[in-house]
file structure-v6.txt (compact mmCIF, C-alpha atoms)
# COMPACT_ATOMS: atom_id res chain seq x y z
CA MET A 118 60.41 24.64 21.51
CA THR A 119 62.65 26.68 23.80
CA PRO A 120 60.93 27.45 27.08
CA ILE A 121 60.02 31.05 27.92
CA GLU A 122 62.74 32.44 30.17
CA GLN A 123 61.15 35.71 31.22
CA TYR A 124 57.76 37.39 31.26
CA LEU A 125 57.68 41.19 31.25
CA ALA A 126 54.79 43.64 31.30
CA PRO A 127 56.30 47.11 30.79
CA ALA A 128 54.22 50.17 31.69
CA THR A 129 55.81 52.62 29.24
CA LEU A 130 56.73 52.68 25.55
CA ASP A 131 60.30 53.63 26.47
CA GLU A 132 60.65 50.50 28.61
CA ALA A 133 59.05 48.29 25.94
CA VAL A 134 61.37 49.33 23.10
CA GLY A 135 64.30 48.99 25.51
CA ILE A 136 63.32 45.36 26.09
CA LEU A 137 62.93 44.77 22.33
CA GLN A 138 66.45 46.10 21.83
CA GLN A 139 67.79 43.15 23.86
CA GLY A 140 66.41 40.72 21.27
CA GLU A 141 64.55 37.39 21.33
CA VAL A 142 61.20 38.90 22.30
CA THR A 143 57.67 37.79 21.41
CA ILE A 144 55.08 40.55 21.77
CA LEU A 145 51.74 39.80 23.42
CA ALA A 146 48.73 42.12 23.07
CA GLY A 147 45.21 40.65 22.93
CA GLY A 148 46.55 37.11 22.58
CA THR A 149 43.77 35.97 20.22
CA ASP A 150 46.26 34.99 17.49
CA LEU A 151 49.33 34.32 19.62
CA MET A 152 47.67 31.84 21.97
CA PRO A 153 46.20 29.44 19.36
CA GLN A 154 49.31 29.73 17.16
CA SER A 155 51.68 28.91 20.02
CA LYS A 156 49.43 26.07 21.29
CA ALA A 157 49.33 24.54 17.80
CA GLY A 158 53.10 24.84 17.47
CA ARG A 159 52.85 27.14 14.43
CA LEU A 160 54.71 29.84 16.32
CA ALA A 161 57.34 29.42 19.02
CA ILE A 162 57.35 32.05 21.75
CA LYS A 163 60.87 33.45 22.07
CA ARG A 164 63.02 33.76 25.19
CA THR A 165 61.10 36.80 26.48
CA LEU A 166 57.33 37.14 26.38
CA MET A 167 56.50 40.85 26.57
CA ASN A 168 52.93 41.87 27.35
CA ILE A 169 52.38 45.40 25.98
CA ARG A 170 48.76 45.74 27.14
CA ARG A 171 49.63 48.03 30.04
CA ILE A 172 51.27 50.77 27.95
CA PRO A 173 48.96 53.80 27.87
CA GLU A 174 50.77 55.43 24.90
CA LEU A 175 49.54 52.62 22.67
CA LYS A 176 45.84 53.18 23.37
CA GLY A 177 43.18 55.43 21.95
CA ILE A 178 41.89 57.05 18.78
CA ALA A 179 42.54 60.73 18.14
CA LEU A 180 42.67 63.38 15.44
CA ASP A 181 46.30 64.24 14.74
CA ASN A 182 46.58 67.16 12.28
CA ASP A 183 44.97 65.88 9.09
CA ALA A 184 45.00 62.23 10.10
CA ILE A 185 43.28 59.89 12.50
CA ARG A 186 45.76 58.05 14.70
CA ILE A 187 44.66 54.72 16.12
CA GLY A 188 46.88 53.31 18.85
CA ALA A 189 48.08 49.76 18.23
CA LEU A 190 46.36 48.48 21.38
CA THR A 191 42.93 49.76 20.38
CA THR A 192 40.57 46.79 20.28
CA ILE A 193 38.34 45.99 17.33
CA THR A 194 35.28 46.73 19.53
CA GLU A 195 36.70 50.15 20.43
CA ILE A 196 37.20 50.97 16.73
CA LEU A 197 33.70 49.72 15.92
CA ASN A 198 32.14 52.05 18.53
CA ASP A 199 34.36 55.09 17.98
CA PRO A 200 32.59 58.28 16.84
CA LEU A 201 35.60 59.54 14.80
CA VAL A 202 35.82 56.21 12.95
CA LYS A 203 32.07 56.19 12.33
CA GLU A 204 32.18 59.71 10.93
CA TYR A 205 35.37 59.66 8.84
CA LEU A 206 36.24 56.00 8.27
CA PRO A 207 32.93 54.11 8.02
CA VAL A 208 34.58 51.46 5.82
CA LEU A 209 36.87 50.53 8.70
CA ALA A 210 33.92 50.32 11.09
CA ASP A 211 32.19 48.07 8.55
CA ALA A 212 35.19 45.72 8.42
CA CYS A 213 35.35 45.66 12.23
CA ASP A 214 31.66 44.72 12.32
CA HIS A 215 32.47 41.64 10.22
CA PHE A 216 35.48 40.72 12.34
CA ALA A 217 35.36 37.30 14.09
CA SER A 218 32.98 37.37 17.08
CA ASP A 219 32.11 39.75 19.92
CA GLN A 220 34.46 37.90 22.28
CA ILE A 221 37.40 38.20 19.88
CA ARG A 222 36.62 41.83 18.97
CA ASN A 223 36.69 42.65 22.70
CA ALA A 224 40.20 41.22 23.10
CA GLY A 225 41.89 41.51 19.69
CA THR A 226 43.78 44.69 18.82
CA LEU A 227 44.37 46.60 15.60
CA GLY A 228 48.14 46.34 16.05
CA GLY A 229 47.78 42.60 16.50
CA ASN A 230 45.70 42.19 13.36
CA ILE A 231 48.41 44.04 11.41
CA GLY A 232 51.36 42.38 13.15
CA ASN A 233 49.89 38.92 12.60
CA ALA A 234 50.11 39.72 8.86
CA SER A 235 47.56 37.19 7.71
CA PRO A 236 46.75 37.54 3.99
CA ALA A 237 43.11 37.41 5.14
CA GLY A 238 43.37 39.91 8.05
CA ASP A 239 40.05 41.76 8.08
CA THR A 240 41.25 45.30 8.82
CA LEU A 241 44.18 45.21 6.39
CA VAL A 242 42.35 45.62 3.10
CA PRO A 243 40.23 48.61 4.20
CA LEU A 244 43.28 50.23 5.83
CA ILE A 245 45.30 49.83 2.62
CA VAL A 246 42.63 51.56 0.50
CA LEU A 247 42.49 54.34 3.10
CA ASP A 248 46.25 54.96 2.53
CA ALA A 249 47.05 54.02 6.14
CA GLU A 250 50.60 54.16 7.44
CA VAL A 251 52.03 52.19 10.33
CA GLU A 252 54.14 53.88 12.97
CA LEU A 253 57.10 51.89 14.32
CA ALA A 254 59.14 52.81 17.39
CA SER A 255 62.57 51.59 18.41
CA LYS A 256 65.39 52.59 20.71
CA PRO A 257 68.61 51.76 18.85
CA ASN A 258 70.89 54.38 20.46
CA GLY A 259 69.41 55.02 23.86
CA SER A 260 66.55 57.25 22.70
CA VAL A 261 63.20 56.39 21.12
CA THR A 262 62.90 57.01 17.39
CA THR A 263 59.92 56.38 15.14
CA ARG A 264 59.44 55.82 11.44
CA ARG A 265 56.40 55.47 9.25
CA LEU A 266 55.70 53.04 6.43
CA PRO A 267 52.72 52.80 4.08
CA LEU A 268 50.70 49.76 5.14
CA ALA A 269 50.50 48.67 1.48
CA GLU A 270 54.30 48.11 1.57
CA PHE A 271 54.49 46.68 5.09
CA PHE A 272 53.74 43.00 4.42
CA THR A 273 56.41 40.68 3.02
CA GLY A 274 54.71 37.27 3.37
CA PRO A 275 52.25 35.32 5.50
CA GLY A 276 53.05 36.32 9.10
CA ARG A 277 55.97 38.48 7.92
CA THR A 278 56.36 42.25 7.81
CA LYS A 279 59.04 44.92 7.49
CA ARG A 280 58.93 45.48 11.26
CA ALA A 281 62.48 44.99 12.52
CA ALA A 282 62.95 42.77 15.57
CA ASN A 283 63.74 45.82 17.73
CA GLU A 284 60.66 47.75 16.59
CA LEU A 285 57.21 48.04 18.14
CA LEU A 286 54.16 48.83 16.04
CA THR A 287 52.73 51.76 17.99
CA ALA A 288 49.93 53.16 15.85
CA VAL A 289 48.20 53.39 12.51
CA ARG A 290 47.71 56.79 10.85
CA ILE A 291 44.96 57.30 8.34
CA PRO A 292 44.72 60.57 6.39
CA LEU A 293 41.32 62.24 6.75
CA PRO A 294 39.37 61.39 3.61
CA LYS A 295 38.63 64.25 1.20
CA ALA A 296 35.15 65.46 0.30
CA GLY A 297 33.47 63.00 -2.05
CA HIS A 298 35.52 60.08 -0.72
CA VAL A 299 33.79 56.74 -1.05
CA ALA A 300 35.10 53.44 0.30
CA ARG A 301 33.66 49.95 0.40
CA PHE A 302 34.72 46.65 1.98
CA PHE A 303 33.46 43.21 1.13
CA LYS A 304 34.43 39.92 2.72
CA PHE A 305 33.31 36.51 1.58
CA GLY A 306 33.18 33.52 3.92
CA THR A 307 30.83 30.57 4.26
CA ARG A 308 29.22 32.07 7.35
CA PRO A 309 29.12 35.71 8.44
CA ALA A 310 30.82 35.24 11.81
CA LEU A 311 34.20 33.82 12.75
CA ASP A 312 35.07 32.80 9.24
CA ILE A 313 38.43 33.48 7.71
CA SER A 314 37.78 35.23 4.40
CA ALA A 315 37.96 33.22 1.19
CA ILE A 316 38.52 36.63 -0.39
CA SER A 317 38.10 40.24 0.66
CA ILE A 318 37.90 43.40 -1.39
CA GLY A 319 38.46 47.06 -0.57
CA ILE A 320 37.70 49.80 -3.08
CA ALA A 321 38.05 53.54 -2.48
CA GLY A 322 38.21 56.76 -4.45
CA VAL A 323 37.04 60.33 -4.65
CA ILE A 324 33.99 60.88 -6.83
CA ASP A 325 33.68 64.32 -8.36
CA ASN A 326 30.94 64.90 -10.95
CA GLY A 327 30.70 61.16 -11.48
CA VAL A 328 34.42 60.77 -12.21
CA ILE A 329 36.65 58.68 -9.94
CA SER A 330 40.08 59.88 -8.88
CA ASN A 331 42.59 58.59 -6.32
CA ALA A 332 41.31 55.09 -7.05
CA ARG A 333 42.46 52.48 -4.55
CA VAL A 334 41.80 48.77 -4.83
CA ALA A 335 43.09 46.09 -2.48
CA PHE A 336 42.42 42.38 -2.13
CA GLY A 337 42.80 39.96 0.76
CA ALA A 338 43.37 36.19 0.72
CA VAL A 339 44.41 36.03 -2.94
CA ALA A 340 48.19 36.26 -2.44
CA PRO A 341 50.76 35.65 0.32
CA THR A 342 49.96 39.14 1.65
CA PRO A 343 47.05 41.55 1.28
CA ILE A 344 47.76 43.33 -2.00
CA ARG A 345 47.12 46.67 -3.62
CA ALA A 346 45.98 46.06 -7.19
CA ALA A 347 47.70 48.62 -9.43
CA ARG A 348 46.27 47.45 -12.77
CA THR A 349 42.73 47.36 -11.38
CA GLU A 350 43.22 50.86 -9.98
CA GLU A 351 44.37 52.00 -13.44
CA ALA A 352 41.18 50.65 -15.00
CA LEU A 353 39.17 52.72 -12.50
CA GLU A 354 41.19 55.95 -12.31
CA GLY A 355 39.69 58.97 -14.08
CA ARG A 356 36.69 57.01 -15.32
CA ARG A 357 32.94 57.30 -14.95
CA LEU A 358 31.23 54.34 -13.33
CA ASP A 359 29.32 53.20 -16.41
CA GLU A 360 28.67 49.60 -17.36
CA ALA A 361 31.74 49.32 -19.60
CA THR A 362 34.10 50.70 -16.94
CA ILE A 363 32.69 48.44 -14.26
CA GLU A 364 33.15 45.34 -16.44
CA ALA A 365 36.67 46.45 -17.39
CA VAL A 366 37.60 46.98 -13.73
CA ALA A 367 36.10 43.64 -12.65
CA SER A 368 37.96 41.81 -15.43
CA ALA A 369 41.22 43.59 -14.59
CA ALA A 370 40.71 42.50 -10.98
CA ARG A 371 40.19 38.86 -11.97
CA ASP A 372 43.32 38.94 -14.15
CA GLU A 373 45.43 40.66 -11.53
CA VAL A 374 44.92 38.26 -8.62
CA ASN A 375 46.77 34.97 -8.39
CA PRO A 376 45.16 32.98 -5.58
CA ILE A 377 45.79 29.41 -4.47
CA ASP A 378 43.53 26.40 -3.90
CA ASP A 379 43.01 25.72 -0.23
CA VAL A 380 40.44 24.40 2.20
CA ARG A 381 38.40 27.61 2.00
CA ALA A 382 38.10 27.90 -1.79
CA THR A 383 39.69 26.91 -5.08
CA ALA A 384 41.79 29.41 -7.00
CA TRP A 385 39.21 29.44 -9.81
CA TYR A 386 36.39 30.20 -7.38
CA ARG A 387 38.38 32.99 -5.75
CA LYS A 388 39.03 34.62 -9.14
CA GLU A 389 35.33 34.43 -10.00
CA LEU A 390 34.42 35.91 -6.61
CA ILE A 391 36.88 38.75 -7.12
CA HIS A 392 35.34 39.53 -10.53
CA ASN A 393 31.71 39.24 -9.47
CA MET A 394 32.01 41.03 -6.14
CA THR A 395 34.14 43.85 -7.55
CA LYS A 396 31.39 44.33 -10.12
CA ARG A 397 28.70 44.22 -7.45
CA ILE A 398 30.46 46.78 -5.24
CA LEU A 399 30.92 49.18 -8.18
CA ASP A 400 27.30 48.65 -9.31
CA HIS A 401 26.16 49.64 -5.82
CA VAL A 402 28.41 52.71 -5.77
CA ALA A 403 27.19 53.73 -9.23
CA GLN A 404 23.55 53.41 -8.14
CA ALA A 405 24.06 55.23 -4.83
CA MET B 77 60.17 23.36 34.08
CA SER B 78 58.05 26.04 32.59
CA LEU B 79 58.37 29.59 33.82
CA LYS B 80 55.95 30.58 36.61
CA HIS B 81 54.55 34.00 37.42
CA ASP B 82 52.51 35.34 40.37
CA ILE B 83 49.39 37.30 39.53
CA GLY B 84 46.53 38.93 41.43
CA PHE B 85 43.04 39.66 40.15
CA THR B 86 39.41 39.92 41.21
CA LEU B 87 37.41 36.77 40.53
CA ASN B 88 33.63 37.01 40.95
CA GLY B 89 34.11 39.90 43.35
CA VAL B 90 36.78 38.23 45.47
CA LYS B 91 40.50 39.08 45.39
CA LYS B 92 42.69 36.14 44.32
CA ARG B 93 46.40 35.53 44.13
CA VAL B 94 47.72 32.56 42.16
CA THR B 95 50.91 31.28 40.57
CA VAL B 96 50.54 30.28 36.91
CA ASP B 97 52.66 28.96 34.05
CA VAL B 98 53.49 31.84 31.73
CA GLY B 99 52.22 30.01 28.63
CA MET B 100 48.99 28.88 30.28
CA THR B 101 45.51 29.99 29.16
CA ALA B 102 43.15 31.84 31.49
CA LEU B 103 40.77 28.90 30.96
CA ASP B 104 43.29 26.34 32.29
CA MET B 105 44.01 28.64 35.22
CA LEU B 106 40.30 28.87 36.12
CA ARG B 107 39.69 25.14 35.80
CA ASP B 108 42.96 23.62 37.01
CA VAL B 109 44.55 26.22 39.30
CA VAL B 110 41.51 27.94 40.84
CA GLY B 111 39.21 24.91 40.54
CA LEU B 112 36.18 26.61 38.96
CA THR B 113 35.01 24.16 36.28
CA GLY B 114 31.84 25.95 35.15
CA THR B 115 33.78 27.55 32.30
CA LYS B 116 34.12 24.89 29.58
CA TYR B 117 36.88 23.86 27.17
CA GLY B 118 35.30 23.35 23.76
CA CYS B 119 37.60 24.02 20.81
CA GLY B 120 40.54 25.83 22.38
CA GLU B 121 40.69 28.18 19.36
CA GLY B 122 38.09 30.85 20.06
CA GLU B 123 35.57 29.36 17.63
CA CYS B 124 32.95 27.93 20.00
CA GLY B 125 32.57 30.35 22.94
CA ALA B 126 32.13 27.61 25.58
CA CYS B 127 34.98 29.25 27.56
CA THR B 128 33.46 32.76 27.53
CA ILE B 129 34.13 34.84 30.65
CA GLN B 130 33.89 38.56 31.36
CA VAL B 131 37.09 40.54 31.80
CA ASP B 132 36.75 44.15 32.95
CA GLY B 133 33.09 43.95 31.92
CA LEU B 134 33.75 42.62 28.40
CA SER B 135 33.19 39.07 27.22
CA MET B 136 36.25 37.21 26.01
CA ASN B 137 37.33 33.68 25.10
CA SER B 138 39.34 32.53 28.12
CA CYS B 139 41.04 29.90 25.92
CA LEU B 140 42.67 32.69 23.88
CA MET B 141 43.81 34.69 26.87
CA PHE B 142 47.14 34.27 28.62
CA ALA B 143 46.57 33.64 32.34
CA VAL B 144 49.35 36.13 33.15
CA ASP B 145 47.31 38.81 31.38
CA CYS B 146 44.59 38.46 34.05
CA ASP B 147 46.91 40.30 36.43
CA GLY B 148 45.14 43.32 37.92
CA ARG B 149 41.87 42.66 36.05
CA ASP B 150 38.29 41.94 37.06
CA LEU B 151 37.06 38.47 36.02
CA VAL B 152 33.51 37.15 36.15
CA THR B 153 32.72 33.52 35.35
CA ILE B 154 29.45 31.59 35.21
CA GLU B 155 29.89 30.87 38.93
CA GLY B 156 29.87 34.64 39.54
CA LEU B 157 26.70 35.07 37.48
CA ALA B 158 25.07 32.21 39.41
CA ALA B 159 25.37 34.32 42.55
CA ASP B 160 24.45 37.64 40.90
CA PRO B 161 20.82 38.77 41.31
CA ARG B 162 21.16 40.85 38.11
CA ALA B 163 21.49 37.58 36.19
CA ASP B 164 18.38 36.05 37.79
CA ALA B 165 16.07 36.95 34.90
CA LEU B 166 18.47 35.51 32.35
CA ARG B 167 19.03 32.27 34.26
CA GLU B 168 15.33 31.78 34.84
CA ALA B 169 14.61 32.53 31.16
CA PHE B 170 16.97 29.73 30.08
CA VAL B 171 15.11 27.33 32.40
CA GLU B 172 11.67 28.64 31.42
CA HIS B 173 12.34 28.28 27.66
CA GLY B 174 14.16 24.96 27.93
CA ALA B 175 17.15 26.66 26.28
CA VAL B 176 19.41 23.81 27.38
CA GLN B 177 19.95 20.47 25.67
CA CYS B 178 23.27 18.78 26.51
CA GLY B 179 24.20 21.93 28.46
CA PHE B 180 27.84 22.16 27.44
CA CYS B 181 27.49 25.50 25.66
CA THR B 182 25.20 26.92 28.36
CA PRO B 183 27.77 28.56 30.70
CA GLY B 184 29.44 30.40 27.80
CA MET B 185 26.08 31.22 26.26
CA VAL B 186 24.77 32.72 29.53
CA VAL B 187 27.96 34.73 30.16
CA GLN B 188 27.84 36.09 26.59
CA ALA B 189 24.10 36.82 26.90
CA ALA B 190 24.72 38.71 30.17
CA HIS B 191 27.34 40.84 28.40
CA LEU B 192 25.00 41.38 25.46
CA LEU B 193 22.15 42.52 27.70
CA ALA B 194 24.49 44.80 29.64
CA THR B 195 25.59 46.52 26.41
CA HIS B 196 22.26 46.25 24.52
CA PRO B 197 19.49 46.26 27.16
CA ASP B 198 16.76 46.42 24.48
CA ALA B 199 18.26 43.91 22.04
CA ASP B 200 15.87 42.40 19.49
CA ALA B 201 16.17 38.86 18.10
CA GLU B 202 18.48 40.00 15.28
CA THR B 203 20.85 41.78 17.68
CA ILE B 204 20.84 38.71 19.92
CA LYS B 205 21.71 36.42 17.01
CA ARG B 206 24.63 38.67 16.09
CA GLY B 207 25.63 38.90 19.75
CA ILE B 208 25.96 35.13 20.15
CA GLU B 209 27.74 34.55 16.82
CA GLY B 210 30.80 33.48 18.77
CA ASN B 211 28.92 30.77 20.71
CA LEU B 212 28.22 27.41 19.11
CA CYS B 213 25.51 25.04 20.33
CA ARG B 214 26.30 21.56 18.97
CA CYS B 215 22.72 20.47 19.77
CA THR B 216 21.68 23.39 17.48
CA GLY B 217 19.11 24.59 20.01
CA TYR B 218 19.51 28.23 18.97
CA LYS B 219 15.81 29.05 18.67
CA LYS B 220 15.12 28.52 22.36
CA ILE B 221 18.36 30.21 23.37
CA VAL B 222 17.48 33.33 21.36
CA ASP B 223 13.92 33.26 22.75
CA ALA B 224 15.25 32.96 26.29
CA ILE B 225 17.65 35.89 25.90
CA GLU B 226 14.96 37.99 24.23
CA SER B 227 12.52 37.33 27.07
CA ALA B 228 15.17 38.35 29.61
CA CYS B 229 15.66 41.75 27.90
CA CYS B 230 14.64 44.62 30.19
CA GLY B 231 13.93 41.98 32.83
CA GLY B 232 11.35 40.33 30.60
CA LYS B 233 8.94 42.38 28.50
call {"tool": "encode", "arguments": {"input": "structure-v6.txt", "output": "structure tokens"}}
result
Amino acid sequence: MTPIEQYLAPATLDEAVGILQQGEVTILAGGTDLMPQSKAGRLAIKRTLMNIRRIPELKGIALDNDAIRIGALTTITEILNDPLVKEYLPVLADACDHFASDQIRNAGTLGGNIGNASPAGDTLVPLIVLDAEVELASKPNGSVTTRRLPLAEFFTGPGRTKRAANELLTAVRIPLPKAGHVARFFKFGTRPALDISAISIGIAGVIDNGVISNARVAFGAVAPTPIRAARTEEALEGRRLDEATIEAVASAARDEVNPIDDVRATAWYRKELIHNMTKRILDHVAQA
Amino acid sequence: MSLKHDIGFTLNGVKKRVTVDVGMTALDMLRDVVGLTGTKYGCGEGECGACTIQVDGLSMNSCLMFAVDCDGRDLVTIEGLAADPRADALREAFVEHGAVQCGFCTPGMVVQAAHLLATHPDADAETIKRGIEGNLCRCTGYKKIVDAIESACCGGK
């Protein structure tokens, strides 16, 4: 492991993306993933360790036109307690309530949960079904530019994303849900707290006269990245939530995922969980 | 040689300046640099809560925190709570209920309970159980711990 050669704590976004432009930078926010990963040798901190926690532009939750913008440095506790999130994005608040422990929610950030790119990251599945986009800033030619990417396309593998080395994840933008929007999150672990999900499920859609449109389905911990499940969405789109549809959607979900055996669950068990819990979520929505 | 960095912070109400290794945890800084050993090293991965401290009024796992990130912040450890009259009821409740077996989880448990009571002054048993989800007691003495915290709510009901 190469030793850290410099530690920087920039106070502005402009400064931070300038530092990233020089290369060989590891970004520190809450530290709850970075610290254990670097201690265990799973991740080597690069030449420069850059602490972004003192950059005010990266904090806060606000309405921005027809979207809610959550700064990358917003902690899980702040999301959990935010009135805008409670009102418009209750599914995200629900996921944050099932996130690790109080101590970790107080330190861990939304940007960190996304940047860590775990296939089991708790906020990722609900954010994907909410059509969230990530905002990335960089300073390639002396001035700060930003681009946006759908979160569903952001992950390329465990711990890997489309964020370029010179880019900083600055915020997440979530379009305000339409009237009739329903979204659910379910996470399965062996204990409620501090467990990494064996599977997680996000389902969302707009229900109008009993018919579902804009169906979104995403799964966590069943592939190298959190995934959006196109064939499962197809089975749901434009349908009424009757018994036959629910069974068809749950079966499509089981067929669509391709999990692995690991210490948390076997592949077979994960597929059964995906089927049964997808069915349970849709049963609950149908009865609501 | 690992890279060093100078930081300043408030520790239990007193201003401190120390030099730390950049890759060091806040826990190692407290125990090995500052010399306050009340905060315990349990798992080193944020699973057990034995290292819980308060940072800017919020409880955190000091084993997951970079020491350099303490710069400019307000830290409270179990030693700070020992001297804080607001924590009297909680401390006495732990003694009263015998909420201590081997005692290793106790500092983290008390710091987390103090944070819980500060944010949820009228917490019921269920809220308390959720609040200490991040604190493991290997002796499994949770019943008395929850009872103790509950009895300390609102200064003891």
call {"tool": "interface_residues", "arguments": {"input": "structure-v6.txt", "of": "chain A", "to": "chain B", "cutoff": "9 Å", "atoms": "all atoms listed in the file", "output": "ChimeraX atom specification"}}
result
/A:120-124,126,145,147-153,155-156,162,166,168,170,217-224,309-311
call {"tool": "residues_around", "arguments": {"input": "structure-v6.txt", "residues": "Arg345 of chain A", "least_positions_apart": "2", "cutoff": "12 Å", "atoms": "only C-alpha atoms", "output": "VMD selection string"}}
result
chain A and resid 236 241 to 248 267 to 272 317 to 321 332 to 340 342 to 343 347 to 351 370 373 to 374
call {"tool": "atom_distance", "arguments": {"input": "structure-v6.txt", "atom1": "atom CA of Ala224 of chain B", "atom2": "atom CA of Ala175 of chain B"}}
result
6.6 Å
call {"tool": "residues_around", "arguments": {"input": "structure-v6.txt", "residues": "Glu202 of chain B", "least_positions_apart": "2", "cutoff": "12 Å", "atoms": "only C-alpha atoms", "output": "count of residues only"}}
result
15
call {"tool": "atom_distance", "arguments": {"input": "structure-v6.txt", "atom1": "atom CA of Ala146 of chain A", "atom2": "atom CA of Thr226 of chain A"}}
result
7.0 Å
call {"tool": "axis_aligned_box", "arguments": {"input": "structure-v6.txt", "around": "segment 165-175 of chain A", "padding_each_side": "4 Å", "output": "AutoDock Vina command-line options"}}
result
--center_x 54.9 --center_y 46.1 --center_z 26.4 --size_x 20.3 --size_y 26.6 --size_z 15.4
call {"tool": "atom_distance", "arguments": {"input": "structure-v6.txt", "atom1": "atom CA of Gly276 of chain A", "atom2": "atom CA of Ile187 of chain A"}}
result
21.4 Å
call {"tool": "closest_residue", "arguments": {"input": "structure-v6.txt", "among": "A:Arg371, A:Arg301, A:Val380, A:Asp312", "to": "Leu399 of chain A", "atoms": "only C-alpha atoms"}}
result
A:Arg301
call {"tool": "decode", "arguments": {"input": "structure-v6.txt", "residues": "segment 244-257 of chain A", "atoms": "N, CA and C atoms", "output": "PDB file, in the first residue's frame"}}
result
ATOM      1  N   LEU A 244     -33.926   4.673  -4.671  1.00  0.00           N
ATOM      2  CA  LEU A 244     -33.608   5.810  -5.548  1.00  0.00           C
ATOM      3  C   LEU A 244     -33.786   5.441  -7.021  1.00  0.00           C
ATOM      4  N   ILE A 245     -33.435   4.208  -7.375  1.00  0.00           N
ATOM      5  CA  ILE A 245     -33.589   3.790  -8.781  1.00  0.00           C
ATOM      6  C   ILE A 245     -35.069   3.785  -9.169  1.00  0.00           C
ATOM      7  N   VAL A 246     -35.950   3.251  -8.302  1.00  0.00           N
ATOM      8  CA  VAL A 246     -37.368   3.222  -8.679  1.00  0.00           C
ATOM      9  C   VAL A 246     -38.002   4.615  -8.623  1.00  0.00           C
ATOM     10  N   LEU A 247     -37.325   5.559  -7.993  1.00  0.00           N
ATOM     11  CA  LEU A 247     -37.813   6.952  -7.993  1.00  0.00           C
ATOM     12  C   LEU A 247     -37.238   7.737  -9.169  1.00  0.00           C
ATOM     13  N   ASP A 248     -36.553   7.060 -10.105  1.00  0.00           N
ATOM     14  CA  ASP A 248     -35.958   7.705 -11.289  1.00  0.00           C
ATOM     15  C   ASP A 248     -34.918   8.761 -10.918  1.00  0.00           C
ATOM     16  N   ALA A 249     -34.158   8.502  -9.850  1.00  0.00           N
ATOM     17  CA  ALA A 249     -33.155   9.481  -9.419  1.00  0.00           C
ATOM     18  C   ALA A 249     -32.029   9.605 -10.440  1.00  0.00           C
ATOM     19  N   GLU A 250     -31.463  10.806 -10.486  1.00  0.00           N
ATOM     20  CA  GLU A 250     -30.264  11.053 -11.286  1.00  0.00           C
ATOM     21  C   GLU A 250     -29.149  11.506 -10.352  1.00  0.00           C
ATOM     22  N   VAL A 251     -27.911  11.179 -10.711  1.00  0.00           N
ATOM     23  CA  VAL A 251     -26.794  11.716  -9.949  1.00  0.00           C
ATOM     24  C   VAL A 251     -26.228  12.904 -10.709  1.00  0.00           C
ATOM     25  N   GLU A 252     -25.698  13.846  -9.931  1.00  0.00           N
ATOM     26  CA  GLU A 252     -25.105  15.047 -10.502  1.00  0.00           C
ATOM     27  C   GLU A 252     -23.598  14.957 -10.248  1.00  0.00           C
ATOM     28  N   LEU A 253     -22.813  15.100 -11.301  1.00  0.00           N
ATOM     29  CA  LEU A 253     -21.359  14.967 -11.185  1.00  0.00           C
ATOM     30  C   LEU A 253     -20.700  16.265 -11.631  1.00  0.00           C
ATOM     31  N   ALA A 254     -19.756  16.751 -10.837  1.00  0.00           N
ATOM     32  CA  ALA A 254     -19.065  17.995 -11.179  1.00  0.00           C
ATOM     33  C   ALA A 254     -17.594  17.703 -11.455  1.00  0.00           C
ATOM     34  N   SER A 255     -17.040  18.460 -12.390  1.00  0.00           N
ATOM     35  CA  SER A 255     -15.598  18.351 -12.651  1.00  0.00           C
ATOM     36  C   SER A 255     -15.099  19.704 -13.164  1.00  0.00           C
ATOM     37  N   LYS A 256     -13.798  19.802 -13.284  1.00  0.00           N
ATOM     38  CA  LYS A 256     -13.206  21.076 -13.698  1.00  0.00           C
ATOM     39  C   LYS A 256     -12.095  20.793 -14.720  1.00  0.00           C
ATOM     40  N   PRO A 257     -12.511  20.277 -15.901  1.00  0.00           N
ATOM     41  CA  PRO A 257     -11.496  19.827 -16.857  1.00  0.00           C
ATOM     42  C   PRO A 257     -10.724  20.977 -17.523  1.00  0.00           C
TER      43      PRO A 257
END
